[in-house]
Amino acid sequence: MRRRKRTTIVTALAGLTGLLLSSPAAVATRPASAEPVDLAAGKPVSASSHQQAYVSGNVTDGDPATYWESVNDSFPEWLQVDLGAPGTVTGLEFRLPAGWEARDQDVTVLGSDDGVSFTPVLERDTYSFEPGAANTVQVDVPDAGARFVRLRFEANTGWPAGQLSELRVLGVPGEQAGGTNLADGRPVSASSSTQTYAASHATDGDTGTYWESGAGQYPATLTTSLQAPAELASVTVRLNPDPVWAQRTQTFAVLGRTGSGAFTTLAEPAQYTFAPATGNVVTVPVAGIAQDVRLEFSANSGAPGAQVAEFEVRGTPGEDPTDPPTDDPTDPPTDDPTDPPDLPDGRGADMPYRILEAEDGTLGGGAELLGPNRTVGDLAGEASGRRAVHLVQDGAWVEWTLTEPTNTLVTRFSIPDAADGGGQDGSIDILVDGEFRRRLDLTSRYSWVYGNEANPGNSPSAGGPRHVYDEASTLLDETVPAGSTIRLVRTSANPLPVSVDFISTELAGPKANPDPARYVEPDGFTHQDVQDALDKARMDTGGEYDGVYLPAGDYTTASKFQVYGEAVDVVGAGPWFTRFRAPEGQTNTDIGFRANSSANGSAFRSFSYWGNYVQRIDGPGKVLDFTGVADMTVDDLWVEHMVCMFWAANMDDSTITNSRIRNTWADGINMTNGSSGNVVRDIETRGTGDDSFALFAATDAGGSGQAGNLYESLTSLVTWRAAGLAVYGGQDNTFRDILVADTLVYSGVTISSLDFGYPMEGFGPGETRFEEISLVRTGGHFWGDQTFPAMWLFSASKEFRAIRVSDVDIVDPTYSGIMFQTNYVGGQPQHAIEDTVFTRVSVSGARRSGDDWDARSGFGIWANELPEPGQGPAVGSATFVDLTLANNAVDIRNTTSTFTVDRE
């Protein structure tokens, strides 16, 4: 218990000086009939500092036993409450816990209408807290208006810090900012969720359901996308008003954005008290225009994760760009197939760069806009958004105006292959604000394959092309500010036409050695230099080293690094700066890291791998190849031109986060053989040559029980072979907050119990959950004559059951939205689709394709009656709750007698 010195009691002061505010408009007139109320109850509170659990939110929680306390010996300190709107303030009440010894505190009271400019309300004075008066001080204030009230603590005779347990601001409330709840029923996504407490509950209009983030996974974000950009007035967060929800304090900020740019702060982080006595509701005034509105939580005193029952955004709605015209019947329909929909905001990976599509730039010098189409091997068909800009003549250019600063540039491009299929080199010039900056080297060495769709080769004579795009990146010599232009120009230095899909921009800086005394640095940049540093850390028997730091530079490597013996933290200066490169002049070099169980607990962070694979070779080519390990960390990696970034068999309780995977020949990430309890989060793939993210419940390598994995906040773009997300068996696994766009030949999401000839576990009995997923322009044709939907459910050689799909938006699928299919052997179905439920799913824009597979297109939901020769119709059933179907040629096609689509 803290020792508190007894001090002399001083009488409370009243009738103090008038209120001065920074803006006359903030002054409110007290209505004669209005009775004063506590304007501060449950309102957000902030402070200059606090210590331990004595946080600022305690002063408006209604509990005089909890209190705020600033750090010691640092006067002056301040405590501030936001009343939400300029009200008529008539008095103040300060309290300390009733059992405390007497003390005096010197306090200045200030007011503000904007939270920035404060003016004295009551000059510095001494306030005495006396146990005989319940340690309560009451102060009269002449009627005046203020939204923000700040107490500046100058001295305390009882403790060397500012202290207060309750602050009441008495007066008449002003008009609260409000308007229509623009978030009602709108799509919502979250950084994480717990069990069934999904993000969608936050806008369903029911305070009995709620969202809860993963335990301890802060910052936790909850984001809703409004119908159109709106002028915001306030954000309201509600919890269940039932008294069984004990009072709690949550700390969060409010952010917003329009378009696909970065979020900006609308309300700074503050502590908000949710009390049953006040309905467990908090309203935060905001100002600005936004379409995406985000709550970013950092603490919750009542639960391990953030909690929201209802998320309301109030303001003046903007013009809805999807509203059909009412004044001109000749206007084109909103589902015009020549105008591909934009990618939705608020779902998928949160990455540090911004993508700028070429078709959204300014064209000149004879540049051509290509597309849209969905033809494999076509420059538009394989582009993001199915459009590209073609720079076919000297001087042709495409230009963008930056909305954020950058010192990097990545370009997704295509140049022609060599006649023999070996690739050729080209270039494109980069101009900033019209001035030449540098020439970006391009090559087609790692793109353009031909012939057999399942196993294409590098010879053009083998047949039609596919995988025609690659990427080139460069660090600029300057930071280009927002508002500047970046132009890509084809010049006479490059005799080849260049197609540009998009660029991405990012402000990047190197990371320093986390502790030079504890992280070994290699003596140079060779493979052996790095292995020697790893071995030095591994053989440390005195606890001197934590790991290896890889300074910025290019490291040449021709084989795998071996990590074993003990846990090691391998950390670089960042993927732009610490770069491992396969040897020039070689192809298909197997490089990366291999670790075994003796290195459990190791981490691999902040570097990139640049391979030299020019074809798919199954087996090698995995940058991280782990078997039988646990508690591993992979973070902030960048991988290109390899077979896979990550492959794990029987790996448990590990994390893979904040990484980028581009232009691989097979999977981006695949976990198999009993891998359990792992987290894959905030990763974007572009151009993978097999499933971008896969979970395969095989048991051939000895592991079993593939359960408890979480894949969330993931983005898969322009996958050129297979699916964005593929799940083959297992149970109690969750796939959440995922965006898949522009797959070329396969489904956006595959849910399949086909075992591919391996011993494997089917689905169930525990649930497999797919939540908060957007699939845009996905599906395609593959395996000869088979068409694939945006989401494919295939019951095959193992059990198919306990599938739960919720809050999924399927937009503009290539052939169909959701397809059910069953595998047959000897004329008999292997397994039926059982216990499968879809909740809050929408499918829109499934149109007739007009190609060779037109008869298999245009279905919102399809129970496939005869998918392939020798096969049979889908078997089993699926239940849809709250299903939305729009602008499809056929909403539901089910001509079978073996499958049932139940719609509730």
# chains A, B, ... in the order shown; residues from 1 in each chain; ligands from 1

call {"tool": "select_by_dssp", "arguments": {"residues": "segment 702-738 of chain A", "states": "strand (DSSP E)", "output": "number ranges by chain"}}
result
A: 710-717, 725-728, 733-738

call {"tool": "write_last_selection", "arguments": {"atoms": "C-alpha atoms", "output": "short mmCIF file (atom, residue, chain, number, x, y, z; two decimals), in the first residue's frame"}}
result
data_model
loop_
_atom_site.label_atom_id
_atom_site.label_comp_id
_atom_site.auth_asym_id
_atom_site.auth_seq_id
_atom_site.Cartn_x
_atom_site.Cartn_y
_atom_site.Cartn_z
CA LEU A 710 -5.62 -19.38 -38.46
CA TYR A 711 -5.14 -17.82 -41.89
CA GLU A 712 -6.28 -14.20 -41.82
CA SER A 713 -5.85 -10.82 -43.49
CA LEU A 714 -4.47 -12.26 -46.71
CA THR A 715 -4.53 -11.05 -50.31
CA SER A 716 -4.02 -13.16 -53.43
CA LEU A 717 -3.73 -11.34 -56.76
CA LEU A 725 -6.85 -20.19 -51.06
CA ALA A 726 -7.06 -23.99 -51.03
CA VAL A 727 -8.04 -26.13 -48.05
CA TYR A 728 -7.85 -29.91 -48.22
CA ASN A 733 -9.18 -24.26 -38.84
CA THR A 734 -10.24 -20.69 -39.65
CA PHE A 735 -9.71 -18.63 -42.82
CA ARG A 736 -10.73 -15.03 -42.30
CA ASP A 737 -10.49 -11.57 -43.87
CA ILE A 738 -9.24 -12.69 -47.27
#

call {"tool": "residues_around", "arguments": {"residues": "segment 225-231 of chain A", "least_positions_apart": "4", "cutoff": "8 Å", "atoms": "only C-alpha atoms", "output": "ChimeraX atom specification"}}
result
/A:182-183,186-188,258,287-293,315-321,345-346

call {"tool": "select_by_dssp", "arguments": {"residues": "segment 418-609 of chain A", "states": "helix (DSSP H, G or I)", "output": "VMD selection string"}}
result
chain A and resid 460 to 462 527 to 538 597 to 599

call {"tool": "atom_distance", "arguments": {"atom1": "atom CA of Trp610 of chain A", "atom2": "atom CA of Thr411 of chain A"}}
result
15.8 Å

call {"tool": "closest_residue", "arguments": {"among": "A:Ala889, A:Ala418, A:Ala649, A:Val71", "to": "Asp854 of chain A", "atoms": "only C-alpha atoms"}}
result
A:Ala889

call {"tool": "closest_residue", "arguments": {"among": "A:Glu404, A:Asp106, A:Glu382, A:Asp477", "to": "Ile430 of chain A", "atoms": "only C-alpha atoms"}}
result
A:Asp477

call {"tool": "residues_around", "arguments": {"residues": "Glu166 of chain A", "least_positions_apart": "4", "cutoff": "12 Å", "atoms": "only C-alpha atoms", "output": "ChimeraX atom specification"}}
result
/A:38,40-42,45,55-69,79,81,92-98,134-138

call {"tool": "atom_distance", "arguments": {"atom1": "atom CA of Pro510 of chain A", "atom2": "atom CA of Asn670 of chain A"}}
result
29.4 Å

call {"tool": "atom_distance", "arguments": {"atom1": "atom CA of Val568 of chain A", "atom2": "atom CA of Gly621 of chain A"}}
result
22.5 Å

call {"tool": "residues_around", "arguments": {"residues": "Gln706 of chain A", "least_positions_apart": "2", "cutoff": "12 Å", "atoms": "only C-alpha atoms", "output": "tab-separated table (two decimals) with N, CA and C atoms, in the first residue's frame"}}
result
chain	number	residue	atom	x	y	z
A	648	ALA	N	5.78	-26.27	-44.91
A	648	ALA	CA	5.97	-26.84	-43.57
A	648	ALA	C	5.22	-28.15	-43.46
A	649	ALA	N	5.90	-29.16	-42.91
A	649	ALA	CA	5.28	-30.43	-42.56
A	649	ALA	C	5.39	-30.61	-41.04
A	650	ASN	N	4.24	-30.84	-40.42
A	650	ASN	CA	4.21	-31.09	-38.97
A	650	ASN	C	4.87	-29.94	-38.20
A	651	MET	N	4.42	-28.73	-38.48
A	651	MET	CA	4.89	-27.54	-37.77
A	651	MET	C	3.77	-27.04	-36.86
A	652	ASP	N	4.10	-26.67	-35.65
A	652	ASP	CA	3.10	-26.26	-34.68
A	652	ASP	C	3.42	-24.89	-34.10
A	653	ASP	N	2.35	-24.16	-33.75
A	653	ASP	CA	2.42	-22.95	-32.92
A	653	ASP	C	3.43	-21.93	-33.46
A	671	MET	N	0.97	-25.62	-45.68
A	671	MET	CA	1.21	-26.37	-44.45
A	671	MET	C	0.52	-27.72	-44.56
A	672	THR	N	1.20	-28.76	-44.09
A	672	THR	CA	0.70	-30.10	-44.27
A	672	THR	C	1.16	-31.00	-43.12
A	673	ASN	N	0.71	-32.25	-43.14
A	673	ASN	CA	1.17	-33.29	-42.22
A	673	ASN	C	1.06	-32.88	-40.74
A	674	GLY	N	-0.17	-32.58	-40.34
A	674	GLY	CA	-0.41	-32.32	-38.93
A	674	GLY	C	0.05	-30.97	-38.43
A	675	SER	N	0.32	-30.02	-39.30
A	675	SER	CA	0.68	-28.68	-38.85
A	675	SER	C	-0.52	-28.06	-38.13
A	676	SER	N	-0.30	-27.62	-36.88
A	676	SER	CA	-1.42	-27.18	-36.04
A	676	SER	C	-1.05	-25.95	-35.23
A	677	GLY	N	-2.07	-25.16	-34.93
A	677	GLY	CA	-1.89	-24.01	-34.05
A	677	GLY	C	-1.07	-22.89	-34.64
A	678	ASN	N	-1.00	-22.82	-35.96
A	678	ASN	CA	-0.18	-21.79	-36.62
A	678	ASN	C	-1.02	-20.60	-37.05
A	695	LEU	N	-3.66	-25.33	-47.16
A	695	LEU	CA	-3.60	-26.19	-45.98
A	695	LEU	C	-4.01	-27.58	-46.46
A	696	PHE	N	-3.07	-28.53	-46.37
A	696	PHE	CA	-3.26	-29.85	-46.97
A	696	PHE	C	-3.06	-30.90	-45.88
A	697	ALA	N	-4.15	-31.59	-45.51
A	697	ALA	CA	-4.13	-32.48	-44.35
A	697	ALA	C	-3.61	-33.88	-44.68
A	698	ALA	N	-2.52	-33.94	-45.44
A	698	ALA	CA	-1.87	-35.22	-45.71
A	698	ALA	C	-1.17	-35.73	-44.45
A	699	THR	N	-0.95	-37.03	-44.41
A	699	THR	CA	-0.27	-37.65	-43.26
A	699	THR	C	0.90	-38.52	-43.71
A	702	GLY	N	4.11	-38.43	-41.60
A	702	GLY	CA	4.04	-38.83	-40.19
A	702	GLY	C	3.18	-37.97	-39.30
A	703	GLY	N	2.92	-36.73	-39.68
A	703	GLY	CA	2.11	-35.85	-38.85
A	703	GLY	C	0.63	-36.06	-39.10
A	704	SER	N	-0.19	-35.81	-38.08
A	704	SER	CA	-1.64	-35.93	-38.22
A	704	SER	C	-2.30	-34.91	-37.30
A	708	GLY	N	-6.59	-26.14	-35.66
A	708	GLY	CA	-6.27	-24.94	-34.89
A	708	GLY	C	-5.43	-23.92	-35.61
A	709	ASN	N	-5.39	-23.96	-36.94
A	709	ASN	CA	-4.63	-22.96	-37.70
A	709	ASN	C	-5.52	-21.77	-38.05
A	710	LEU	N	-4.91	-20.61	-38.11
A	710	LEU	CA	-5.62	-19.38	-38.46
A	710	LEU	C	-4.91	-18.71	-39.63
A	727	VAL	N	-8.01	-25.40	-49.31
A	727	VAL	CA	-8.04	-26.13	-48.05
A	727	VAL	C	-8.47	-27.56	-48.35
A	728	TYR	N	-7.62	-28.48	-47.97
A	728	TYR	CA	-7.85	-29.91	-48.22
A	728	TYR	C	-7.87	-30.63	-46.88
A	729	GLY	N	-9.04	-30.73	-46.26
A	729	GLY	CA	-9.19	-31.50	-45.03
A	729	GLY	C	-8.80	-30.74	-43.78
A	730	GLY	N	-8.91	-31.43	-42.64
A	730	GLY	CA	-8.60	-30.85	-41.34
A	730	GLY	C	-9.85	-30.41	-40.61
A	731	GLN	N	-9.67	-29.86	-39.42
A	731	GLN	CA	-10.80	-29.40	-38.63
A	731	GLN	C	-10.35	-28.28	-37.69
A	732	ASP	N	-11.33	-27.50	-37.25
A	732	ASP	CA	-11.07	-26.39	-36.33
A	732	ASP	C	-10.03	-25.41	-36.89
A	733	ASN	N	-10.03	-25.25	-38.19
A	733	ASN	CA	-9.18	-24.26	-38.84
A	733	ASN	C	-10.04	-23.10	-39.33
A	734	THR	N	-9.48	-21.88	-39.30
A	734	THR	CA	-10.24	-20.69	-39.65
A	734	THR	C	-9.49	-19.90	-40.72
A	760	MET	N	-4.55	-39.14	-46.11
A	760	MET	CA	-4.99	-37.80	-45.77
A	760	MET	C	-6.20	-37.85	-44.86
A	761	GLU	N	-6.37	-36.81	-44.07
A	761	GLU	CA	-7.55	-36.65	-43.22
A	761	GLU	C	-8.59	-35.83	-43.96
A	762	GLY	N	-9.85	-36.23	-43.84
A	762	GLY	CA	-10.94	-35.45	-44.42
A	762	GLY	C	-11.32	-34.28	-43.52
A	763	PHE	N	-12.44	-33.67	-43.82
A	763	PHE	CA	-12.94	-32.56	-43.01
A	763	PHE	C	-13.76	-33.08	-41.84
A	764	GLY	N	-13.61	-32.43	-40.69
A	764	GLY	CA	-14.43	-32.72	-39.52
A	764	GLY	C	-13.77	-33.69	-38.56
A	766	GLY	N	-14.72	-31.43	-36.23
A	766	GLY	CA	-14.70	-30.01	-35.89
A	766	GLY	C	-14.90	-29.16	-37.13
A	768	THR	N	-14.65	-26.30	-40.07
A	768	THR	CA	-13.68	-25.51	-40.84
A	768	THR	C	-14.41	-24.24	-41.26

call {"tool": "closest_residue", "arguments": {"among": "A:Gly611, A:Pro759, A:Gly524, A:Pro789", "to": "Ile661 of chain A", "atoms": "only C-alpha atoms"}}
result
A:Gly611

call {"tool": "residues_around", "arguments": {"residues": "Asp429 of chain A", "least_positions_apart": "4", "cutoff": "7 Å", "atoms": "only C-alpha atoms", "output": "compact mmCIF listing (two decimals) with C-alpha atoms, in the first residue's frame"}}
result
# COMPACT_ATOMS: atom_id res chain seq x y z
CA ARG A 438 16.69 6.37 -63.81
CA ARG A 439 16.30 3.51 -66.25
CA LEU A 440 14.53 0.42 -64.88
CA LEU A 488 7.06 5.39 -67.13
CA VAL A 489 8.24 6.03 -70.69
CA ARG A 490 9.29 3.68 -73.45

call {"tool": "closest_residue", "arguments": {"among": "A:Leu164, A:Val841, A:Leu409, A:Ala146", "to": "Ile773 of chain A", "atoms": "only C-alpha atoms"}}
result
A:Val841

call {"tool": "residues_around", "arguments": {"residues": "Ser112 of chain A", "least_positions_apart": "3", "cutoff": "7 Å", "atoms": "only C-alpha atoms", "output": "MDAnalysis selection string"}}
result
chainID A and resid 21:22 115 117:119 146:149
